[in-house]
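Data block below; observations after.
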Amino acid sequence: MLDQKIVFEELEKNGVTFFTGVPDSYLNGFCNYALDHFQDRNIIAANEGNAIAIAAGHYFACKEMPLVYMQNSGMGNAINPLVSLVDEHVYSVPMLLLIGWRGQPGTDDWPQHELQGEITPGLLDIMHIPYNILADDTNKFGEIVAEAVGRSMKERRPYALIAPKGVMAGEKSNNKDTTYPMSRENAIETILDCMPADTIYAATTGRATRELFFLRERRGETRKRDFLNVGSMGHASSVALGIALERPERKVVVLDGDSAAMMHMGAMTMVSKLNVPNFFHVVLNNGVHESVGGQPSAGFRIDFTTIAEACGYQTIHNPVTDKKGLVTAIEKLQDCGKAAFIDVRIRKGLQGKLPPLDFSHRLAANALIQELNG
């Protein structure tokens, strides 16, 4: 594990003092140090493409080198601005890319990370972005940063630093609080209790998928009606919408997260064009990127409900903050004749230690397909 104090000293020595990106568990030490020591110079972005563009604006404004951090799964969001905005043949913007390497070949990781891990260096090669794979050696980090910054500034193009597991690790923040009485698990179980038994659920990336999975086990219920969106953060609501369109006789609930909903917020506008009264969009909003370390999101700063109303959803006009309010909201909205939306404010912190989410993705998909077409 690299000493993050030295990491940031070396970055500052080379003129890198502005950071933006999406938090990643493999970069937890880096992200938390930036949060604690560079609050005014660390912008947690809605998605990785957003971060690339913010970094470009920073360079245009002051000619200083920015750093963009992300998990390698976020490279998909970043590719368009990397090749059509900051590429050396377009606006030619230097920046460091710090990329957490999930699914690195030869390591044991989950299926949703395997292909992304395999192609991570190749994607950089295809985009003509030079890179260095970091090692757990603080003494060499300074040399690597100096070479990366020097080349990036000279050639005016991005340079990537790939971080394998453990290199940029750190302790997760203890985010438990009592601001709101419900945990994520409490909220999900309340929804399960209130919705029809044959409701289809799509759970977003992170803790929501794990908590739904193990709630089913604890309650002795089938998982054949659940879609666990373990990868592709921000797209659970679109999967749920696609199901709702084809199966209007079934209620379809998406258990979304605040960070996931913001990552691809444009998806919310789709209900303005479509008739999906069976579609129920619930944002489990704790105001943090909890699954990757607890860094703050904009979840408590924005008005999800007003945004949803403007997009065409039926709402109860205010966030829900307790179990009674959630039950009342579901009762009012589940047969309202329109796509419905609830912003559920939940407390930070994880509800106990859950086992790893180990299941067959293909078999789960087949079971859902059978349920919807059987």
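Ordered as shown in the structure tokens, chains take letters A, B, and onward, while each chain numbers its residues from 1 and ligands are numbered from 1 in the order shown.
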What are the closest atom pairs, with distances in Å to one decimal, for each residue of region 330-371 of chain A lying within 9 Å of region 222-238 of chain A, using only C-alpha atoms, rows by chain and rising residue number, as a Markdown table?
```
| residue | atom | partner | partner_atom | distance |
| --- | --- | --- | --- | --- |
| A:His361 | CA | A:Leu228 | CA | 8.6 |
| A:Ala364 | CA | A:Lys224 | CA | 6.8 |
| A:Ala365 | CA | A:Phe227 | CA | 7.4 |
| A:Asn366 | CA | A:Lys224 | CA | 8.6 |
| A:Ala367 | CA | A:Lys224 | CA | 5.2 |
| A:Leu368 | CA | A:Lys224 | CA | 5.1 |
| A:Ile369 | CA | A:Lys224 | CA | 8.6 |
| A:Gln370 | CA | A:Lys224 | CA | 8.3 |
| A:Glu371 | CA | A:Lys224 | CA | 6.6 |
```
(request) Considering only C-alpha atoms, return as a ChimeraX atom specification whatever protein or nucleic-acid residues lie within 12 Å of Gly106 (chain A), sequence-local ones (same chain, fewer than 3 positions apart) excluded. (result) /A:101-103,109,114,117-118,164-165
(message) Measuring between only C-alpha atoms, which one of A:Thr305, A:Asn275, A:Thr204, A:Ser291 shows the shortest distance to Gly257 (chain A)?
(response) A:Thr204
(message) Ranking A:Ile346, A:Leu85, A:Glu143, A:Thr107 by minimum distance to Lys13 (chain A) and counting only C-alpha atoms, which one comes first?
(response) A:Glu143
(message) What's around Ala240 (chain A) at 8 Å? Count only C-alpha atoms, leave out sequence neighbours fewer than 2 positions away in its own chain, and write the answer as an MDAnalysis selection string.
(response) chainID A and resid 201:202 236:238 242:244 252:254 279
C-alpha atoms of the current selection, written as a PDB file, in the first residue's frame:
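Below is the file that was written, out19.pdb:
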```
ATOM      1  CA  TYR A 201     -37.279  -5.820  -8.970  1.00  0.00           C
ATOM      2  CA  ALA A 202     -34.121  -4.358 -10.457  1.00  0.00           C
ATOM      3  CA  ALA A 236     -30.648  -0.473 -13.416  1.00  0.00           C
ATOM      4  CA  SER A 237     -33.543   1.921 -14.023  1.00  0.00           C
ATOM      5  CA  SER A 238     -33.232   1.508 -17.781  1.00  0.00           C
ATOM      6  CA  GLY A 242     -37.402  -2.060 -20.635  1.00  0.00           C
ATOM      7  CA  ILE A 243     -39.102  -4.823 -18.642  1.00  0.00           C
ATOM      8  CA  ALA A 244     -42.004  -2.572 -17.631  1.00  0.00           C
ATOM      9  CA  VAL A 252     -41.652  -3.253 -11.900  1.00  0.00           C
ATOM     10  CA  VAL A 253     -39.643  -1.576  -9.134  1.00  0.00           C
ATOM     11  CA  VAL A 254     -36.112  -0.247  -9.504  1.00  0.00           C
ATOM     12  CA  PHE A 279     -42.952   1.419 -13.394  1.00  0.00           C
TER      13      PHE A 279
END
```
Just want the 8 Å neighbourhood of Glu64 (chain A), counted on only C-alpha atoms, with same-chain residues fewer than 2 positions away dropped. Output as an mmCIF file with C-alpha atoms, in the first residue's frame.
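What landed in around_15.cif:
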```
data_model
loop_
_atom_site.group_PDB
_atom_site.id
_atom_site.type_symbol
_atom_site.label_atom_id
_atom_site.label_comp_id
_atom_site.auth_asym_id
_atom_site.auth_seq_id
_atom_site.Cartn_x
_atom_site.Cartn_y
_atom_site.Cartn_z
ATOM 1 C CA GLY A 15 2.099 20.665 -10.152
ATOM 2 C CA VAL A 16 -0.906 18.346 -9.738
ATOM 3 C CA HIS A 58 -9.569 23.264 -15.422
ATOM 4 C CA TYR A 59 -6.626 23.039 -17.815
ATOM 5 C CA CYS A 62 -5.191 27.823 -15.622
ATOM 6 C CA PRO A 66 -5.489 17.876 -13.491
#
```
